[in-house]
Structure formats: structure tokens, C-alpha cells
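Below: entry_36.csv (CSV, C-alpha atoms)
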```
chain,number,residue,atom,x,y,z
A,21,MET,CA,213.8,130.9,117.7
A,22,ARG,CA,215.3,129.2,114.7
A,23,PHE,CA,214.0,126.2,112.9
A,24,ARG,CA,215.4,123.8,110.3
A,25,PRO,CA,213.8,120.8,108.5
A,26,SER,CA,214.2,117.5,110.5
A,27,ARG,CA,216.6,115.1,108.9
A,28,ASP,CA,214.1,112.3,109.9
A,29,ILE,CA,211.4,113.2,107.4
A,30,ARG,CA,210.7,112.1,103.9
A,31,VAL,CA,208.7,114.5,101.8
A,32,GLU,CA,206.7,113.2,98.8
A,33,ARG,CA,204.7,115.6,96.7
A,34,LEU,CA,201.8,114.1,94.8
A,35,ALA,CA,200.1,116.1,92.0
A,36,ASP,CA,197.8,117.8,94.5
A,37,MET,CA,199.0,116.9,98.0
A,38,THR,CA,202.2,116.9,100.0
A,39,LEU,CA,202.9,114.0,102.4
A,40,VAL,CA,205.5,113.9,105.1
A,41,PHE,CA,206.7,110.7,106.6
A,42,HIS,CA,208.3,111.1,110.0
A,43,ARG,CA,210.7,108.3,110.6
A,44,LEU,CA,211.0,108.6,114.4
A,45,SER,CA,207.3,108.4,115.0
A,46,GLY,CA,206.3,106.3,111.9
A,47,GLU,CA,203.5,108.8,111.3
A,48,THR,CA,202.4,110.2,108.0
A,49,HIS,CA,201.3,113.8,107.8
A,50,ILE,CA,199.3,115.5,105.1
A,51,LEU,CA,200.3,119.1,104.7
A,52,SER,CA,198.0,121.9,103.6
A,53,PRO,CA,199.3,124.0,100.7
A,54,GLU,CA,200.2,126.7,103.2
A,55,ALA,CA,202.1,124.4,105.6
A,56,GLU,CA,203.9,122.9,102.6
A,57,ALA,CA,205.0,126.4,101.4
A,58,ILE,CA,206.2,127.2,104.9
A,59,LEU,CA,208.2,124.0,105.2
A,60,HIS,CA,209.7,124.7,101.7
A,61,ALA,CA,210.7,128.2,102.9
A,62,VAL,CA,212.8,126.8,105.8
A,63,PRO,CA,216.4,126.3,104.7
A,64,MET,CA,218.4,123.2,105.7
A,65,GLY,CA,220.8,125.6,107.5
A,66,GLY,CA,218.0,127.0,109.6
A,67,ALA,CA,216.2,130.3,109.8
A,68,ASP,CA,214.2,132.3,112.4
A,69,GLY,CA,210.5,133.2,112.0
A,70,PRO,CA,211.0,136.7,110.4
A,71,ALA,CA,213.5,135.2,107.9
A,72,VAL,CA,210.9,132.6,106.9
A,73,VAL,CA,208.2,135.3,106.5
A,74,GLU,CA,210.6,137.3,104.3
A,75,THR,CA,211.3,134.2,102.1
A,76,LEU,CA,207.6,133.5,101.7
A,77,SER,CA,206.9,137.2,100.9
A,78,VAL,CA,209.0,136.8,97.7
A,79,ASP,CA,206.5,134.3,96.3
A,80,PHE,CA,203.3,135.1,98.1
A,81,ASP,CA,201.1,138.0,99.0
A,82,ILE,CA,200.8,137.1,102.7
A,83,VAL,CA,197.4,137.9,104.1
A,84,SER,CA,196.0,136.3,107.3
A,85,ALA,CA,192.4,135.7,107.9
A,86,ASP,CA,193.1,135.2,111.6
A,87,SER,CA,193.0,138.0,114.1
A,88,PRO,CA,196.8,138.0,114.7
A,89,GLY,CA,198.9,139.4,111.9
A,90,PRO,CA,200.4,137.2,109.1
A,91,ASP,CA,203.8,137.0,110.9
A,92,GLU,CA,202.2,135.6,114.0
A,93,THR,CA,200.2,133.1,112.0
A,94,ILE,CA,203.3,131.9,110.2
A,95,LEU,CA,205.2,131.6,113.5
A,96,ALA,CA,202.3,129.6,114.9
A,97,ARG,CA,202.5,127.2,111.9
A,98,LEU,CA,206.3,126.9,112.4
A,99,GLN,CA,205.7,125.9,115.9
A,100,GLU,CA,203.1,123.4,114.9
A,101,LEU,CA,205.5,121.8,112.4
A,102,ALA,CA,208.1,121.7,115.1
A,103,ASP,CA,205.6,120.0,117.5
A,104,LEU,CA,205.1,117.3,114.9
A,105,GLY,CA,208.8,116.8,114.6
A,106,ILE,CA,208.8,117.9,110.9
A,107,LEU,CA,210.9,121.0,111.9
A,108,GLN,CA,213.6,121.0,114.5
A,109,ARG,CA,214.7,124.0,116.7
A,110,CYS,CA,218.3,124.8,116.1
A,111,PRO,CA,220.8,127.3,117.4
B,14,MET,CA,194.0,71.3,109.6
B,15,ARG,CA,196.5,73.6,108.0
B,16,VAL,CA,195.9,75.4,104.8
B,17,GLN,CA,198.1,77.8,102.8
B,18,ILE,CA,196.4,80.8,101.2
B,19,GLY,CA,198.8,83.1,99.3
B,20,PRO,CA,201.8,83.8,101.6
B,21,ALA,CA,200.3,82.6,104.9
B,22,VAL,CA,199.6,79.2,106.5
B,23,PHE,CA,196.5,79.0,108.7
B,24,ASP,CA,195.9,76.4,111.4
B,25,LEU,CA,192.2,75.8,111.7
B,26,ARG,CA,191.0,74.0,114.9
B,27,SER,CA,187.8,72.9,116.5
B,28,PRO,CA,186.6,70.2,118.9
B,29,PHE,CA,183.8,69.5,116.4
B,30,ALA,CA,184.5,67.5,113.2
B,31,ASP,CA,181.9,69.2,111.1
B,32,PRO,CA,183.5,72.7,110.8
B,33,ILE,CA,186.9,71.2,110.0
B,34,GLN,CA,185.3,68.9,107.4
B,35,ALA,CA,183.5,71.9,105.9
B,36,ALA,CA,186.7,73.9,105.7
B,37,ARG,CA,188.6,70.9,104.3
B,38,THR,CA,186.0,70.6,101.5
B,39,LEU,CA,186.0,74.3,100.8
B,40,TYR,CA,189.8,74.5,100.6
B,41,ARG,CA,190.2,71.2,98.8
B,42,ASP,CA,192.2,72.8,96.0
B,43,TYR,CA,194.6,74.7,98.3
B,44,PRO,CA,197.8,73.3,99.7
B,45,LEU,CA,196.8,71.1,102.7
B,46,GLY,CA,198.7,68.4,104.5
B,47,LEU,CA,200.9,71.1,106.1
B,48,ASP,CA,200.8,69.6,109.6
B,49,ASP,CA,204.6,69.6,109.9
B,50,GLU,CA,204.9,73.2,108.5
B,51,ILE,CA,205.2,76.3,110.6
B,52,TYR,CA,201.9,78.2,110.6
B,53,ASP,CA,201.4,81.9,110.7
B,54,PHE,CA,198.0,82.2,112.3
B,55,ALA,CA,195.8,79.8,114.3
B,56,VAL,CA,192.0,80.1,114.3
B,57,ALA,CA,189.9,78.0,116.6
B,58,ALA,CA,186.1,77.4,116.4
B,59,ILE,CA,185.1,76.5,120.0
B,60,PRO,CA,181.7,76.0,121.8
B,61,ALA,CA,180.2,79.3,123.0
B,62,SER,CA,179.7,77.6,126.4
B,63,PRO,CA,180.0,74.1,127.7
B,64,LEU,CA,176.3,73.4,127.3
B,65,ARG,CA,176.4,74.8,123.8
B,66,ARG,CA,178.6,71.9,122.9
B,67,PHE,CA,175.6,69.6,123.2
B,68,LEU,CA,172.5,71.8,122.8
B,69,ARG,CA,172.1,73.4,119.4
B,70,PRO,CA,175.8,74.1,119.1
B,71,SER,CA,177.0,77.7,118.8
B,72,LEU,CA,180.6,78.7,118.1
B,73,VAL,CA,182.9,81.5,119.0
B,74,PHE,CA,186.1,82.0,117.1
B,75,GLU,CA,189.4,82.6,118.9
B,76,ALA,CA,192.7,83.8,117.4
B,77,ASP,CA,195.5,86.2,118.1
B,78,HIS,CA,193.8,89.1,116.3
B,79,MET,CA,190.1,89.6,116.9
B,80,VAL,CA,187.7,92.5,117.5
B,81,ASP,CA,185.5,92.7,120.5
B,82,ASP,CA,181.9,92.8,119.3
B,83,ILE,CA,181.7,89.4,117.5
B,84,VAL,CA,178.6,87.4,118.4
B,85,PRO,CA,178.6,83.6,118.5
B,86,LEU,CA,177.6,81.9,115.3
B,87,ASP,CA,175.3,78.9,114.8
B,88,ALA,CA,177.5,75.9,114.1
B,89,SER,CA,176.0,75.6,110.6
B,90,LEU,CA,177.7,79.0,109.8
B,91,ALA,CA,181.2,77.8,110.8
B,92,LEU,CA,182.6,78.5,107.4
B,93,LEU,CA,181.6,82.1,107.7
B,94,GLY,CA,183.3,82.3,111.1
B,95,PHE,CA,186.5,80.8,109.8
B,96,GLU,CA,186.4,83.2,106.8
B,97,MET,CA,185.9,86.2,109.1
B,98,ALA,CA,188.7,85.1,111.5
B,99,ILE,CA,191.1,84.3,108.8
B,100,ASN,CA,190.6,87.7,107.2
B,101,LEU,CA,191.1,89.4,110.6
B,102,GLN,CA,194.4,87.6,111.1
B,103,MET,CA,195.6,88.9,107.7
B,104,ALA,CA,194.1,92.4,108.2
B,105,LEU,CA,195.4,93.0,111.7
B,106,GLY,CA,198.4,90.7,112.1
B,107,TYR,CA,200.2,90.3,108.7
B,108,ARG,CA,203.2,92.6,108.3
B,109,ARG,CA,205.2,91.4,105.3
B,110,ASP,CA,203.1,93.3,102.7
B,111,ILE,CA,200.7,96.2,102.6
B,112,VAL,CA,197.2,94.7,103.2
B,113,LEU,CA,194.4,96.5,101.4
B,114,HIS,CA,190.7,96.0,101.7
B,115,ALA,CA,190.5,95.4,97.9
B,116,ALA,CA,190.2,92.8,95.2
B,117,SER,CA,192.8,92.0,92.7
B,118,ALA,CA,193.3,90.1,89.4
B,119,GLU,CA,195.9,89.5,86.7
B,120,ARG,CA,195.8,89.6,82.9
B,121,ASP,CA,198.7,90.0,80.4
B,122,GLY,CA,201.1,89.6,83.3
B,123,GLN,CA,199.8,92.8,85.0
B,124,GLY,CA,197.4,93.4,87.8
B,125,ILE,CA,194.2,95.3,88.5
B,126,LEU,CA,193.4,96.6,92.0
B,127,ILE,CA,189.7,96.9,92.8
B,128,THR,CA,189.2,99.1,95.9
B,129,GLY,CA,185.9,100.0,97.6
B,130,GLU,CA,183.8,99.9,100.7
B,131,SER,CA,181.9,96.7,101.6
B,132,GLY,CA,178.9,96.4,99.3
B,133,ALA,CA,180.5,98.5,96.5
B,134,GLY,CA,180.7,95.4,94.3
B,135,LYS,CA,184.4,94.3,94.7
B,136,SER,CA,183.6,90.6,95.1
B,137,THR,CA,181.1,90.5,92.3
B,138,LEU,CA,183.4,92.3,89.9
B,139,SER,CA,186.2,90.1,91.0
B,140,ALA,CA,184.1,86.9,90.3
B,141,LEU,CA,183.0,88.3,86.9
B,142,LEU,CA,186.5,89.0,85.8
B,143,SER,CA,187.6,85.6,86.8
B,144,TYR,CA,184.7,83.5,85.4
B,145,SER,CA,183.6,85.7,82.5
B,146,ALA,CA,186.5,87.7,81.2
B,147,GLY,CA,189.6,85.5,81.4
B,148,TRP,CA,191.4,87.2,84.3
B,149,ARG,CA,193.3,85.3,86.9
B,150,HIS,CA,191.7,85.7,90.3
B,151,MET,CA,194.1,87.0,93.0
B,152,GLY,CA,191.7,87.9,95.8
B,153,ASP,CA,188.3,89.4,96.4
B,154,GLU,CA,188.6,90.8,99.9
B,155,LEU,CA,192.2,91.5,100.8
B,156,ALA,CA,194.9,92.5,98.3
B,157,LEU,CA,198.6,92.4,99.2
B,158,LEU,CA,201.1,94.9,97.8
B,159,SER,CA,204.8,94.1,98.3
B,160,LEU,CA,207.1,96.5,100.1
B,161,GLU,CA,209.2,97.5,97.1
B,162,ASP,CA,209.9,100.7,95.3
B,163,ALA,CA,207.9,99.2,92.4
B,164,PRO,CA,205.4,97.1,94.3
B,165,HIS,CA,203.8,93.9,93.1
B,166,LEU,CA,200.4,92.6,93.8
B,167,LYS,CA,200.7,89.2,95.6
B,168,PRO,CA,197.8,86.7,95.3
B,169,TYR,CA,195.7,86.0,98.3
B,170,PRO,CA,193.0,84.0,96.4
B,171,ARG,CA,190.5,83.1,99.1
B,172,PRO,CA,187.1,81.7,98.1
B,173,ILE,CA,185.0,84.6,96.9
B,174,GLY,CA,182.3,85.6,99.4
B,175,LEU,CA,179.3,86.2,97.2
B,176,LYS,CA,176.2,87.7,98.8
B,177,ASN,CA,172.5,87.8,98.0
B,178,ARG,CA,171.9,89.0,94.4
B,179,SER,CA,175.5,88.2,93.3
B,180,ILE,CA,175.0,84.5,94.1
B,181,GLU,CA,172.3,84.0,91.4
B,182,GLU,CA,174.3,86.1,89.0
B,183,MET,CA,177.4,84.0,89.3
B,184,ALA,CA,175.4,80.7,89.4
B,185,ALA,CA,174.8,81.3,85.7
B,186,ARG,CA,178.5,81.9,85.0
B,187,ALA,CA,180.5,79.5,87.2
B,188,PRO,CA,180.3,75.7,87.5
B,189,ALA,CA,178.1,74.5,90.3
B,190,THR,CA,181.0,72.4,91.6
B,191,ARG,CA,182.9,75.6,92.5
B,192,PHE,CA,180.3,76.8,95.0
B,193,GLY,CA,180.4,76.1,98.7
B,194,PRO,CA,177.3,75.5,100.8
B,195,ARG,CA,174.7,78.2,100.9
B,196,LEU,CA,174.8,80.0,104.3
B,197,GLU,CA,171.4,81.6,105.1
B,198,ASN,CA,170.5,84.3,107.6
B,199,THR,CA,173.9,85.7,108.2
B,200,VAL,CA,174.4,89.4,109.2
B,201,LYS,CA,175.0,90.1,105.5
B,202,GLY,CA,172.0,88.0,104.3
B,203,THR,CA,172.7,84.9,102.3
B,204,VAL,CA,176.4,84.1,101.6
B,205,GLN,CA,177.9,81.5,99.4
B,206,HIS,CA,181.5,81.0,98.7
B,207,LEU,CA,182.7,80.6,95.1
B,208,LEU,CA,186.0,78.8,94.7
B,209,PRO,CA,188.4,80.5,92.3
B,210,PRO,CA,189.3,78.4,89.2
B,211,VAL,CA,191.9,75.8,90.0
B,212,GLY,CA,194.5,77.6,87.9
B,213,ALA,CA,194.2,80.7,90.0
B,214,ILE,CA,194.8,78.8,93.2
B,215,ALA,CA,197.7,76.9,91.7
B,216,ALA,CA,199.3,80.2,90.6
B,217,MET,CA,199.0,81.9,94.0
B,218,GLN,CA,202.8,82.4,94.2
B,219,ARG,CA,202.9,84.3,90.9
B,220,PHE,CA,203.0,88.1,91.5
B,221,ALA,CA,201.9,90.9,89.1
B,222,PRO,CA,202.8,94.6,88.9
B,223,PRO,CA,199.6,96.7,89.2
B,224,ALA,CA,198.7,98.6,86.0
B,225,LEU,CA,195.2,99.9,86.9
B,226,ILE,CA,193.2,100.8,90.0
B,227,VAL,CA,189.4,101.0,89.9
B,228,ALA,CA,186.9,101.8,92.5
B,229,PRO,CA,183.5,100.2,91.5
B,230,HIS,CA,180.2,101.8,92.4
B,231,TYR,CA,177.2,99.7,91.7
B,232,ARG,CA,174.0,101.7,91.4
B,233,GLU,CA,170.8,100.1,90.2
B,234,GLY,CA,169.9,101.4,86.8
B,235,ALA,CA,173.0,103.6,86.4
B,236,GLU,CA,174.4,104.3,83.0
B,237,PRO,CA,178.1,103.2,82.8
B,238,ALA,CA,180.6,106.0,83.5
B,239,TYR,CA,184.2,106.4,84.6
B,240,TYR,CA,186.0,109.3,86.3
B,241,PRO,CA,189.8,109.7,86.7
B,242,MET,CA,190.8,109.7,90.3
B,243,SER,CA,193.4,112.3,91.4
B,244,GLU,CA,196.6,111.3,93.1
B,245,SER,CA,195.5,112.7,96.4
B,246,ALA,CA,192.1,110.9,96.2
B,247,CYS,CA,193.8,107.7,95.3
B,248,TYR,CA,196.3,108.0,98.1
B,249,LEU,CA,193.5,108.7,100.6
B,250,ARG,CA,191.4,105.8,99.3
B,251,LEU,CA,194.3,103.3,99.4
B,252,SER,CA,195.6,104.5,102.7
B,253,THR,CA,192.1,104.3,104.3
B,254,ALA,CA,191.6,100.9,102.7
B,255,SER,CA,194.8,99.6,104.2
B,256,THR,CA,194.7,97.8,107.5
B,257,ASN,CA,198.4,97.9,108.2
B,258,GLN,CA,200.2,100.4,105.9
B,259,LEU,CA,200.6,103.0,108.7
B,260,LYS,CA,202.4,100.4,110.8
B,261,LEU,CA,204.9,99.4,108.1
B,262,GLY,CA,207.2,102.3,108.4
B,263,GLU,CA,209.0,104.1,105.6
B,264,ARG,CA,208.8,101.1,103.2
B,265,GLY,CA,205.1,101.0,103.5
B,266,PHE,CA,204.8,104.7,102.9
B,267,ALA,CA,207.2,104.6,99.9
B,268,ALA,CA,205.5,101.6,98.4
B,269,LEU,CA,202.0,103.2,98.6
B,270,VAL,CA,203.2,106.5,97.2
B,271,SER,CA,204.9,104.7,94.3
B,272,VAL,CA,201.7,102.9,93.4
B,273,VAL,CA,199.7,106.1,93.6
B,274,ARG,CA,202.2,107.9,91.4
B,275,SER,CA,202.6,105.2,88.8
B,276,VAL,CA,199.2,103.5,88.4
B,277,PRO,CA,196.2,105.2,86.8
B,278,ALA,CA,193.1,105.1,88.9
B,279,TYR,CA,189.4,105.5,88.1
B,280,ASP,CA,186.0,105.5,89.8
B,281,ILE,CA,183.6,103.4,87.7
B,282,VAL,CA,179.8,103.6,88.0
B,283,TYR,CA,177.6,100.8,86.5
B,284,GLY,CA,174.2,99.3,86.9
B,285,LYS,CA,174.8,96.0,85.0
B,286,SER,CA,177.6,93.5,85.1
B,287,GLU,CA,178.1,93.7,81.4
B,288,ASP,CA,178.7,97.4,81.7
B,289,ALA,CA,181.3,96.9,84.5
B,290,LEU,CA,183.2,94.4,82.4
B,291,ALA,CA,183.1,96.7,79.4
B,292,LEU,CA,184.4,99.6,81.5
B,293,VAL,CA,187.3,97.6,82.9
B,294,ASP,CA,188.1,96.2,79.5
B,295,ARG,CA,188.2,99.7,78.0
B,296,LEU,CA,190.4,101.1,80.8
B,297,TRP,CA,192.6,98.1,80.6
B,298,THR,CA,193.1,98.4,76.9
B,299,GLU,CA,194.1,102.0,77.4
B,300,HIS,CA,196.5,101.6,80.3
B,301,ARG,CA,198.1,98.1,80.2
B,302,ARG,CA,201.8,98.4,79.5
```

Entire entry expressed as C-alpha cells:
Amino acid sequence: MRFRPSRDIRVERLADMTLVFHRLSGETHILSPEAEAILHAVPMGGADGPAVVETLSVDFDIVSADSPGPDETILARLQELADLGILQRCP
Amino acid sequence: MRVQIGPAVFDLRSPFADPIQAARTLYRDYPLGLDDEIYDFAVAAIPASPLRRFLRPSLVFEADHMVDDIVPLDASLALLGFEMAINLQMALGYRRDIVLHAASAERDGQGILITGESGAGKSTLSALLSYSAGWRHMGDELALLSLEDAPHLKPYPRPIGLKNRSIEEMAARAPATRFGPRLENTVKGTVQHLLPPVGAIAAMQRFAPPALIVAPHYREGAEPAYYPMSESACYLRLSTASTNQLKLGERGFAALVSVVRSVPAYDIVYGKSEDALALVDRLWTEHRR
């Protein structure tokens, strides 16, 4: 499954917080630093989960505290961002 | 009667003459005589029941935007009911600007935004700035931020709702003629309205760009102190303090982010009015543009 950032979001980075305004719902989301890094790693042209993990691995030592592995955790976050409309699934 | 407060015109109604007369007296310096103007919000003070019209009158307040758990008020507290209902209309029904639960004032052509929970000292600090430090009062309960990339504070200079200890404090600083009737035994204790100076009411269409945000914390006996507020803390404070920003779409979002990014914000702690004024003066001197 591939994802790309929605064209209907406005991302504003404050000094210590990232906000995402979603135009279609009118909702404002506060992203955790992890979610913000994941969003940043998704290119406008789209990428699948493993490609996003690979991009993130360049900048981060990825370790998951959850029982699934880091790949699964990142995939779950991608899915959550898609559920909020911040990411869109794409071909 | 119709009265204009800042950008909105209110139509105040009642079958009783006394509440209307009390409102007419309190709002005597505001634009009245607007009976042919289009109004934004109507607020009606009506008898709580048909019998209550004759036996120890008790009032309920009706308007488009109300909350459920409001108890009837004794007719002697009608001004308090009008104040509450007028504030609710702005807080819940006004859409042309961001509405913040905050006070605001202007000096040197720029504005200060004073945000905080009820009881934090907004109204008292607002009254002190107006009557003891030369600031132009713009509002003590609700502040309006325009929906622009570089937002302006817009005046909403309602009578200042002083409570309990603040009443005596301001009695020594403001002319007796600027006080409304003393309202005893309200849910907030004793309340007395203090009319802003005539000049502040006359200037209620003059906007000011915000240059400083403070969150006052009155603590009895506290030494004066101030702490810079982070951008995230400031955003969360203002977003939480706003009654309508989340309904205003992208313009509301962008305007609030712009203010958080561009306006320095501080928590201030004080135990005496003089300390609060000195803290504001110090921060203002440092940050006014």
C-alpha cells in the first residue's frame, strides 16, 4: 500500500510542536515528533511502507518499544495518518 | 433597547422596565438609539414563570446561544444575566473574528493580550491597566483577533466585571461615577461593573496589533516573577481559550499560528497589584515595537 501527503493539509511547525490543519474536515491535529518525522518522510509522489522506513532509517535509529517490530509500528502510524486524512492512499 | 459593543449590536428585551433601565444606565456611554439598525444578537430577560411576574420576580434569559444549566436569577441581578447572555452570544455565536476568553488593552498603538482561566486576575489587571497605567481598555472578558495573516486585536470594551476583593481595590483608583450597582450574593460572590473610561468606549472601532501576551497568576503573598511561554504552550493556551477558533477554518488556524509565532508570551506571577503593573511595564518596555 502506498501513501502520499494529502493536498488538503496545511502544516505549520512551531518551535516545539507541529500542527496540521485538514481543510476537508476543518480539524487541527497536533503531531507527536515521531508522527511528524513519518509525515516528513512520505514524498509527494508517494511511497510504500518499506520505502518510508528506509527513508527514516537514514536519519533515525529506529527502535520500537511496542511488541511488533519497528516496521509494523511505522506502518501502523502511516495507517493512522491516512485515517485522519493527513495521508492519502495512492496507486 | 439596542446597544453596540465593539463590532456587534445587541437587542436587549424584557417585559419589565427595571432591567432595561438598569442596562440603559450601565451602557449610557455606548452607542444606543440603534432601533432602526440591524442587530446581531437578541437577549431577552423574561419571567421564570407567569406567577414569577408578580411574586418576587425571577428572570430567565433567552437568546439563540445559551447553555443548559442556567438557573433563574432574582430580578435585582438582571444586569448580571444580561452580561452572561451577551457574553455567551459572542462566545458561541460570533464568527467574524477569533473570540478568546481573554482581556486586551492598547498602548503606543499596540496591544496586550491577557489570557487566563476565570479567577486568574484578568479583569483586575485589565482594570488596573486602564485606570492606573494609561492603557486603553479593549475588553476584560472576551478578546477579538481578526482573521488576517497579521491579526489585529479588535476592541470589545464591555463594562469590567469586578468581583469581591477587586471591587475595593478599584474603588480607590476609579471614579465612583464609573461603577454600576453592587450585585450581592451571585454565584461568584459580590459583583460590580466598572465602566471603561469614556475614551476607551469612544475608540472601540480602533484596532491594535498584538505585541505582548501575558497569562497572569495571582497568588497571595507571591513574589513577582515572569516566565517565557513556549510557542507550543502559547498555542495550546490560546486555542483552549478560544470559543470559536476551531470553527473558523483555515483562516482561524493561520491567524492563531501567526500570533503565536510573532508575539512574545509570558506567564506572570504576582501577589500585589503594583507588582503586576511593574511586570507588565517591564515586559512591554522590552517587547513593544

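Distances here use all atoms listed in the file; by that measure, the residue among B:Arg250, B:Arg295, B:Arg302, B:Arg274 closest to chain A is B:Arg274.
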
Hey, what's within 12 Å of Ala67 (chain A) if we count only C-alpha atoms and toss same-chain stuff fewer than 2 positions away? As a list in words, please?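 Here the qualifying residues turn out to be Met21, Arg22, Phe23, Arg24, Pro25, Ile58, Leu59, His60, Ala61, Val62, Pro63, Met64, Gly65, Gly69, Pro70, Ala71, Val72, Val73, Glu74, Thr75, Leu95, Leu98, Leu107, Gln108, Arg109, Cys110 and Pro111 of chain A.
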
If we count all atoms listed in the file, which residues of chain B reach to within 12 Å of chain A? Please list them as a ChimeraX atom specification. /B:242-249,252,258-275

Please identify all polymer residues lying at most 7 Å from the point (187.5, 72.3, 117.1) (file coordinates), using only C-alpha atoms, and present the result as a ChimeraX atom specification. /B:26-30,57-59

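Relative to CA of Ala116 (chain B), CA of Thr137 (chain B) is found at 9.8 Å.
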
Surrounding residues of Met14 (chain B) excluding itself and chain neighbours under 2 positions, 10 Å, all atoms listed in the file, as a PDB file with C-alpha atoms, in the frame of the given file:
```pdb
ATOM      1  CA  VAL B  16     195.900  75.400 104.800  1.00  0.00           C
ATOM      2  CA  PHE B  23     196.500  79.000 108.700  1.00  0.00           C
ATOM      3  CA  ASP B  24     195.900  76.400 111.400  1.00  0.00           C
ATOM      4  CA  LEU B  25     192.200  75.800 111.700  1.00  0.00           C
ATOM      5  CA  ARG B  26     191.000  74.000 114.900  1.00  0.00           C
ATOM      6  CA  SER B  27     187.800  72.900 116.500  1.00  0.00           C
ATOM      7  CA  ILE B  33     186.900  71.200 110.000  1.00  0.00           C
ATOM      8  CA  GLN B  34     185.300  68.900 107.400  1.00  0.00           C
ATOM      9  CA  ALA B  36     186.700  73.900 105.700  1.00  0.00           C
ATOM     10  CA  ARG B  37     188.600  70.900 104.300  1.00  0.00           C
ATOM     11  CA  LEU B  45     196.800  71.100 102.700  1.00  0.00           C
ATOM     12  CA  GLY B  46     198.700  68.400 104.500  1.00  0.00           C
ATOM     13  CA  LEU B  47     200.900  71.100 106.100  1.00  0.00           C
ATOM     14  CA  ASP B  48     200.800  69.600 109.600  1.00  0.00           C
ATOM     15  CA  ALA B  55     195.800  79.800 114.300  1.00  0.00           C
TER      16      ALA B  55
END
```

B:Lys201, B:His165, B:Arg108, B:Arg171 ranked by distance to Asp42 (chain B), top pick (using all atoms listed in the file):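 The answer is B:Arg171, which sits nearest to Asp42 (chain B).
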
Atomic distance CA of Asp49 (chain B) - CA of Val22 (chain B), expressed in Å with one decimal: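 Between these atoms lies a distance of 11.3 Å.
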
For Tyr43 (chain B), find every residue with an atom within 10 Å (counting all atoms listed in the file), except residues of its own chain fewer than 2 positions away, and show them as a PyMOL selection string. chain B and resi 15-19+37+39-41+45-46+170-171+211+214-215+217

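Using only C-alpha atoms, the nearest neighbour of Leu104 (chain A) within the list A:Glu92, A:Asp28, A:Asp81, A:Asp68 is A:Asp28.
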
If I take CA of Gly106 (chain B) and CA of Ser71 (chain B), how far is one from the other in Å, to one decimal? 25.9 Å

For the contact check between region 203-235 of chain B and region 132-136 of chain B, emit one row per residue of region 203-235 of chain B within 10 Å, containing the shortest atom pair and the distance in Å rounded to one decimal, counting all atoms listed in the file, chain then rising number order, as CSV.
```
residue,atom,partner,partner_atom,distance
B:Val227,CA,B:Lys135,CA,9.6
B:Ala228,CA,B:Lys135,CA,8.2
B:Pro229,CA,B:Ala133,CA,6.1
B:His230,CA,B:Ala133,CA,5.3
B:Tyr231,CA,B:Ala133,CA,5.9
B:Arg232,CA,B:Ala133,CA,8.9
```

Counting only C-alpha atoms, what is within 9 Å of region 172-176 of chain B, bar same-chain residues fewer than 4 positions away, as a PyMOL selection string? chain B and resi 39-40+96+136-137+139-140+152-154+180+183+192-193+201-209

Nearest to Gly94 (chain B): which of B:Leu158, B:Ala21, B:Ile281, B:Val200 is it, counting all atoms listed in the file? B:Val200

Could you name the residues that touch region 121-130 of chain B at 6 Å or less, counting all atoms listed in the file, but leaving out those on the same chain fewer than 4 positions away, as a count of residues only? 11
